[in-house]
Every structure is written in structure tokens, then in C-alpha cells.
Amino acid sequence: MQIDPTSTKLFTPLTFTAGHTAVRNRLVLAPMTTYSSNNDGTITPEEIEFLRRRAHGVGMAITAACRVIDHGHAFDGQWSCASDEMIPSLASAARAIHEGHALAILQIHHGGRLCPASILGHAPLAPSEVPARRPGADVPRPMTEEEIEETIKAFGAAARRAIVAGYDGVEIHGANGYLLQQFFSPHANRRSDQWGGSLENRAAFPIAVLEEVQNVVRRNAYRPFAIGYRLSPEETEDPGITLADTLQLVEGLVACRPDWLHVSTNDYFAGSLRDDADRRPRAQVIAECVRRRTSVIGVGSILSPAAAEAVLADGPDLVAMGRALVMEPEWTRKVTAGNEPLRTCLPMEGGDMLLSIPPRMYRKMLGRPGWLPLCSQEPYGASVQSIPIVA
């Protein structure tokens, strides 16, 4: 089935209501960790080419997580936007995305308790002295009031650098167990001060970060500049974030008028992590709650054109794709042409060169069983017509 760009919502434009930023279509390159920057956090040519090739055809491209301050360094090969010295490096990625005529969005990030002490040289900083629930997790040190305020300011400073570097917006990373989610989580946050305890207090840090970024953008951006927020709707920990908690956080975020909420799930079509009887996609529920007040991005195991269209039919406004665009950088062109098969697996040899994947990122993918299907003998896989909806 060839998709006619004029007859599907996937290829219709959208203007974000808050910042008046226009995106040419509803397809988003999802933020993906590349593990490939230089030791100082500058971006490598392999990462630039990865973005350049995949920006063609999508409406906007969200970069890998970029640390806003050095004590937020979460993994080897992570981008840095922690100082003005990073601006030329950041600009190189923005230019590569713009070559594909997509909006360039810098994702700004702090790892919190997920920052390894082996990288930092000291215990990670977090809301409370509660390690992540995973083997070998470091015990974090609770952040002081001064460190909290410093980190809020660091997110704003990173947004200013994104403006100078030529980006069209930033996405605040409040998902996937990182620092902003930790402050909202009753598992990670056991504080008894203004930053912890009640749901309202636990929401105070992520909302303060959003407000700081917005204030910096208002003072420094003389063109449309978008601000989004990524969140994970639930946690499996007990106590942990529930969907009811998230819907209250969403109300606080929406009151600040971000351009979008990016609902981070591993599988868009899966239901609740906490209630097997609740099969509604989390992004669908959130989209219903915020309708006409902000935009919503759905993401998670969306591989086919039919799956992408099903997401938009559910209510989200945009569809973010990661794995599909790793395996098939020409996804949009092939879908609209309809006469070429889509690659639906990762070559086990030479895929880094063939698909413009940074070698360290490629090795990580090969070493993570089940994350991407690996090609056996057939180099391409299914055709456009035969790819099922992921459910």
C-alpha cells in the first residue's frame, strides 16, 4: 500500500499553540542515546551523519539527551550542553538536522541517581538517599537546596545555548527514571522539605525547570522557539508513580503552556505497567485530558505506516519513531513512494556503515538481545505492504 501524503494525517502540518512553531508533518525522530560523543561531550562526525540522514522526511528531530551540568552525566559518550564552549558542537548537529528540513530539537537532561559514580568520581546526586532498583546501583547523595537551584538554572542555561546554536526548540527530559522523574517519584523522593512529601511538592522541581526554561526562552529567543516535556506515565516500583499521579502532574505542566508532552513508553499500544486490566495506551489517555491545550507525542515500538496512523487516530498529535528509523533511514521516502521494501531488521555485520549508525551505538544494539530484530540472511525484511501494526 502506497501512502498518499495528501490523504493521511501523518503528512499534515501542525503549529504548536504556545510557541507558534510550525512543523511540516507529524513524524518525529525520537531521541536516542548514541553513546558516541567525545570525552568532553562534543558531538562526533558519526553522530552528525546519523542525524543528517534521518532528518530527511520527518517534521522534527529530537537529539540524544544532552547533560546540562557535569554532575548530570549519565553515561559514556553523552552529549554536553553544560558550558558555552559546547555551542559550536551543538550547532553542528542543528545544521545537520536542518539540511533535512526538519525542526531541530535539543533534549536537555540530568541523570540524577542514574549517573554512575564511576563517571562522576563521586556519589550521584538525587532527591534522596535511595538507589535505583537495579543491580549494582550507586547510593546517591541527597541534593542540597543550593544544588537544586543550581540545576534548575542549568536547564535554563542549556536552553539559551540551544537558541544560540540555532535549534528550533528544546525538550526537557523528565522521563525514563532520570532526575526530574526522580523528584516526582514517591520511590526516589523521600524528602520532607518544599521539594518532597505531597504530590504538589514532588511536582515542584519539574515545574520549576519548565518555568525556568520558559523564562530564559522569553528573554533570549527572537524567533519561534518550542519547548516540550518528556514524561514516563507510570513506574513499577511500590511506592511509584501511578497514572493518576501523572494526570495531576500533567495539569501542572499544561498550566505552564508547553508546546508538547512526549509520553515515553516502550510500546505505545501496551496498557498500564501497574494494572493488567487497563489496556488503554497511556498517551491516548493523556491526549484526552489535555485536548486543545497542548500537543501530545506518542512513541514506542511504532514500526509501520499503519501503526503510525493508528497512533494519530487515538488522539496524540505526533508520532515519534526511533527503532524504525534506525533500521530504515529512508522510511518516509519509501513509505510515500510505496515501491520499495522497508528494512525491518538490523544487519549483523556492516550495519554501522550501511545505515550511518555510530559504531559504538551499533555495537550496543547488537549486544542488547531483543531490542531490534537482527537480519539473518535476507537484508531487507518485509515490504511496506506486509508490515503489521505493532500491538
# chains A, B, ... in the order shown; residues from 1 in each chain; ligands from 1
>>> residues_around(residues="Leu210 (chain A)", least_positions_apart="4", cutoff="9 Å", atoms="only C-alpha atoms", output="ChimeraX atom specification")
/A:152,155-156,172,205-206,214-215,227-229,253,256,258
>>> write_last_selection(atoms="N, CA and C atoms", output="short mmCIF file (atom, residue, chain, number, x, y, z; two decimals), in the first residue's frame")
data_model
loop_
_atom_site.label_atom_id
_atom_site.label_comp_id
_atom_site.auth_asym_id
_atom_site.auth_seq_id
_atom_site.Cartn_x
_atom_site.Cartn_y
_atom_site.Cartn_z
N ILE A 152 18.31 23.79 38.38
CA ILE A 152 17.21 24.48 37.68
C ILE A 152 17.79 25.53 36.73
N PHE A 155 19.35 24.07 33.52
CA PHE A 155 18.43 23.75 32.42
C PHE A 155 18.12 25.01 31.61
N GLY A 156 17.93 26.12 32.29
CA GLY A 156 17.69 27.36 31.56
C GLY A 156 18.89 27.77 30.73
N ILE A 172 12.63 19.03 27.50
CA ILE A 172 13.08 18.75 28.85
C ILE A 172 12.84 17.27 29.13
N PHE A 205 9.75 20.51 41.46
CA PHE A 205 11.03 20.60 40.74
C PHE A 205 10.83 20.54 39.23
N PRO A 206 10.12 19.54 38.70
CA PRO A 206 9.93 19.55 37.24
C PRO A 206 9.22 20.80 36.73
N GLN A 214 11.27 28.35 30.18
CA GLN A 214 10.39 29.30 29.50
C GLN A 214 10.83 30.74 29.72
N ASN A 215 11.26 31.07 30.93
CA ASN A 215 11.72 32.43 31.20
C ASN A 215 12.95 32.78 30.39
N ILE A 227 9.14 24.49 23.24
CA ILE A 227 9.55 23.84 24.48
C ILE A 227 8.62 22.66 24.73
N GLY A 228 9.21 21.47 24.82
CA GLY A 228 8.44 20.28 25.13
C GLY A 228 8.91 19.64 26.42
N TYR A 229 8.13 18.70 26.91
CA TYR A 229 8.45 18.00 28.16
C TYR A 229 8.18 16.52 27.96
N LEU A 253 1.85 20.93 34.46
CA LEU A 253 2.69 21.25 33.30
C LEU A 253 1.90 22.03 32.26
N CYS A 256 1.49 25.67 32.46
CA CYS A 256 2.65 26.46 32.02
C CYS A 256 2.72 26.60 30.50
N PRO A 258 3.42 24.33 27.80
CA PRO A 258 4.47 23.81 26.93
C PRO A 258 3.89 23.52 25.55
#
>>> select_by_dssp(residues="region 62-217 of chain A", states="alpha helix (DSSP H)", output="MDAnalysis selection string")
chainID A and resid 87:99 117:120 145:164 179:184 199:217
>>> closest_residue(among="A:Glu171, A:Glu46, A:Glu147, A:Asp40", to="Ala96 (chain A)", atoms="only C-alpha atoms")
A:Glu46
>>> residues_around(residues="region 34-37 of chain A", least_positions_apart="2", cutoff="10 Å", atoms="only C-alpha atoms", output="list in words")
Pro31, Met32, Asn39, Asp40, Gly41, Thr42, Ile43, Thr44, Pro45, Glu46, Glu47, Phe50, Thr63, Ala64, Ala65, Phe75, Asp76, Gly77, Gln78, Trp79, Ser80, Ile357, Pro358, Pro359, Arg360, Met361, Tyr362, Arg363 and Lys364 of chain A
>>> atom_distance(atom1="CA of Pro373 (chain A)", atom2="CA of Glu328 (chain A)")
12.4 Å
>>> residues_around(residues="His122 (chain A)", least_positions_apart="4", cutoff="10 Å", atoms="only C-alpha atoms", output="list in words")
His71, Cys115, Pro116, Ala117, Ser118, Asp138, Pro140 and Arg141 of chain A
>>> residues_around(residues="region 280-290 of chain A", least_positions_apart="3", cutoff="9 Å", atoms="only C-alpha atoms", output="VMD selection string")
chain A and resid 233 to 234 243 246 to 247 250 to 251 254 261 to 265 267 to 272 293 to 299 311 314 to 317
>>> write_last_selection(atoms="N, CA and C atoms", output="short mmCIF file (atom, residue, chain, number, x, y, z; two decimals), in the first residue's frame")
data_model
loop_
_atom_site.label_atom_id
_atom_site.label_comp_id
_atom_site.auth_asym_id
_atom_site.auth_seq_id
_atom_site.Cartn_x
_atom_site.Cartn_y
_atom_site.Cartn_z
N PRO A 233 4.73 7.84 32.18
CA PRO A 233 3.44 7.96 32.87
C PRO A 233 3.29 7.10 34.10
N GLU A 234 4.09 6.03 34.23
CA GLU A 234 3.95 5.13 35.38
C GLU A 234 5.31 4.56 35.76
N LEU A 243 -0.73 6.40 37.13
CA LEU A 243 -1.31 7.25 36.08
C LEU A 243 -2.08 8.41 36.71
N THR A 246 0.32 11.05 37.50
CA THR A 246 0.80 11.71 36.28
C THR A 246 -0.23 12.69 35.73
N LEU A 247 -1.50 12.32 35.80
CA LEU A 247 -2.52 13.23 35.30
C LEU A 247 -2.55 14.53 36.11
N VAL A 250 0.49 16.43 34.88
CA VAL A 250 0.18 16.97 33.55
C VAL A 250 -0.61 18.26 33.67
N GLU A 251 -1.55 18.33 34.60
CA GLU A 251 -2.30 19.56 34.77
C GLU A 251 -1.38 20.72 35.16
N VAL A 254 0.69 21.58 31.97
CA VAL A 254 -0.12 22.23 30.93
C VAL A 254 -0.45 23.66 31.32
N LEU A 261 3.75 17.48 25.19
CA LEU A 261 4.11 16.47 26.17
C LEU A 261 4.45 15.21 25.38
N HIS A 262 5.61 14.65 25.66
CA HIS A 262 6.10 13.46 24.97
C HIS A 262 5.98 12.30 25.95
N VAL A 263 5.04 11.39 25.69
CA VAL A 263 4.71 10.33 26.63
C VAL A 263 5.58 9.11 26.33
N SER A 264 6.59 8.90 27.15
CA SER A 264 7.60 7.88 26.89
C SER A 264 7.11 6.50 27.34
N THR A 265 6.90 5.61 26.37
CA THR A 265 6.55 4.22 26.65
C THR A 265 7.35 3.33 25.72
N ASP A 267 6.26 0.50 24.45
CA ASP A 267 5.32 0.03 23.43
C ASP A 267 4.07 0.90 23.53
N TYR A 268 3.85 1.73 22.52
CA TYR A 268 2.72 2.65 22.56
C TYR A 268 1.42 1.91 22.82
N PHE A 269 1.23 0.75 22.19
CA PHE A 269 -0.05 0.06 22.22
C PHE A 269 -0.25 -0.78 23.46
N ALA A 270 0.76 -0.89 24.31
CA ALA A 270 0.61 -1.61 25.57
C ALA A 270 -0.16 -0.74 26.55
N GLY A 271 -0.76 -1.36 27.52
CA GLY A 271 -1.51 -0.62 28.51
C GLY A 271 -0.68 -0.29 29.73
N SER A 272 -1.32 -0.35 30.87
CA SER A 272 -0.71 0.06 32.12
C SER A 272 0.41 -0.89 32.55
N ARG A 293 -5.25 21.96 24.55
CA ARG A 293 -4.43 22.80 25.42
C ARG A 293 -2.95 22.67 25.12
N THR A 294 -2.51 21.51 24.68
CA THR A 294 -1.14 21.31 24.22
C THR A 294 -1.13 20.10 23.31
N SER A 295 -0.01 19.85 22.65
CA SER A 295 0.11 18.70 21.76
C SER A 295 0.72 17.53 22.52
N VAL A 296 0.47 16.32 22.04
CA VAL A 296 0.97 15.10 22.66
C VAL A 296 1.71 14.28 21.61
N ILE A 297 2.88 13.77 21.98
CA ILE A 297 3.64 12.86 21.13
C ILE A 297 3.52 11.45 21.68
N GLY A 298 3.11 10.52 20.83
CA GLY A 298 3.10 9.10 21.18
C GLY A 298 4.34 8.42 20.64
N VAL A 299 4.88 7.46 21.38
CA VAL A 299 6.10 6.78 20.99
C VAL A 299 6.11 5.37 21.56
N VAL A 311 -1.79 5.57 15.82
CA VAL A 311 -1.47 6.45 16.96
C VAL A 311 -2.21 7.77 16.81
N ASP A 314 -5.80 7.66 17.61
CA ASP A 314 -6.08 7.56 19.04
C ASP A 314 -6.22 8.92 19.72
N GLY A 315 -5.61 9.94 19.15
CA GLY A 315 -5.67 11.26 19.78
C GLY A 315 -4.36 12.01 19.89
N PRO A 316 -3.19 11.34 20.05
CA PRO A 316 -1.94 12.10 20.01
C PRO A 316 -1.79 12.86 18.70
N ASP A 317 -1.01 13.92 18.76
CA ASP A 317 -0.86 14.82 17.62
C ASP A 317 0.34 14.49 16.75
#
>>> atom_distance(atom1="CA of Asp193 (chain A)", atom2="CA of Glu150 (chain A)")
17.1 Å
>>> residues_around(residues="Asp245 (chain A)", least_positions_apart="5", cutoff="12 Å", atoms="only C-alpha atoms", output="ChimeraX atom specification")
/A:181,184-186,198-200,202-203,231-235,239-240,250-252,286
>>> closest_residue(among="A:Ile241, A:Leu374, A:Ala102, A:Ala157", to="Ile87 (chain A)", atoms="only C-alpha atoms")
A:Ala157
>>> residues_around(residues="Asp70 (chain A)", least_positions_apart="5", cutoff="9 Å", atoms="only C-alpha atoms", output="PyMOL selection string")
chain A and resi 80+82+110+120
>>> write_last_selection(atoms="N, CA and C atoms", output="PDB file, in the first residue's frame")
ATOM      1  N   SER A  80      27.141  17.034  25.769  1.00  0.00           N
ATOM      2  CA  SER A  80      27.141  18.048  26.811  1.00  0.00           C
ATOM      3  C   SER A  80      26.641  19.378  26.255  1.00  0.00           C
ATOM      4  N   ALA A  82      26.659  21.842  28.819  1.00  0.00           N
ATOM      5  CA  ALA A  82      26.882  22.375  30.160  1.00  0.00           C
ATOM      6  C   ALA A  82      27.701  23.654  30.183  1.00  0.00           C
ATOM      7  N   HIS A 110      19.362  15.625  32.908  1.00  0.00           N
ATOM      8  CA  HIS A 110      20.199  15.331  34.081  1.00  0.00           C
ATOM      9  C   HIS A 110      19.856  13.921  34.540  1.00  0.00           C
ATOM     10  N   LEU A 120      31.254  10.084  37.436  1.00  0.00           N
ATOM     11  CA  LEU A 120      31.287  11.355  38.154  1.00  0.00           C
ATOM     12  C   LEU A 120      32.525  11.519  39.020  1.00  0.00           C
TER      13      LEU A 120
END
>>> atom_distance(atom1="CA of Val217 (chain A)", atom2="CA of Glu145 (chain A)")
24.2 Å
>>> closest_residue(among="A:Leu273, A:Leu312, A:Cys66, A:Met60", to="Arg161 (chain A)", atoms="only C-alpha atoms")
A:Cys66
>>> select_by_dssp(residues="region 3-214 of chain A", states="strand (DSSP E)", output="PyMOL selection string")
chain A and resi 14-15+22-23+27-29+60-67+79-80+103-109+125-126+141-142+169-174
>>> closest_residue(among="A:Val319, A:Leu249, A:Ala208, A:Val130", to="Arg191 (chain A)", atoms="only C-alpha atoms")
A:Val130
>>> closest_residue(among="A:Ile207, A:Ala226, A:Leu125, A:Ile163", to="Asn189 (chain A)", atoms="only C-alpha atoms")
A:Leu125
>>> closest_residue(among="A:Gly196, A:Gly169, A:Pro329, A:Pro127", to="Gln107 (chain A)", atoms="only C-alpha atoms")
A:Gly169
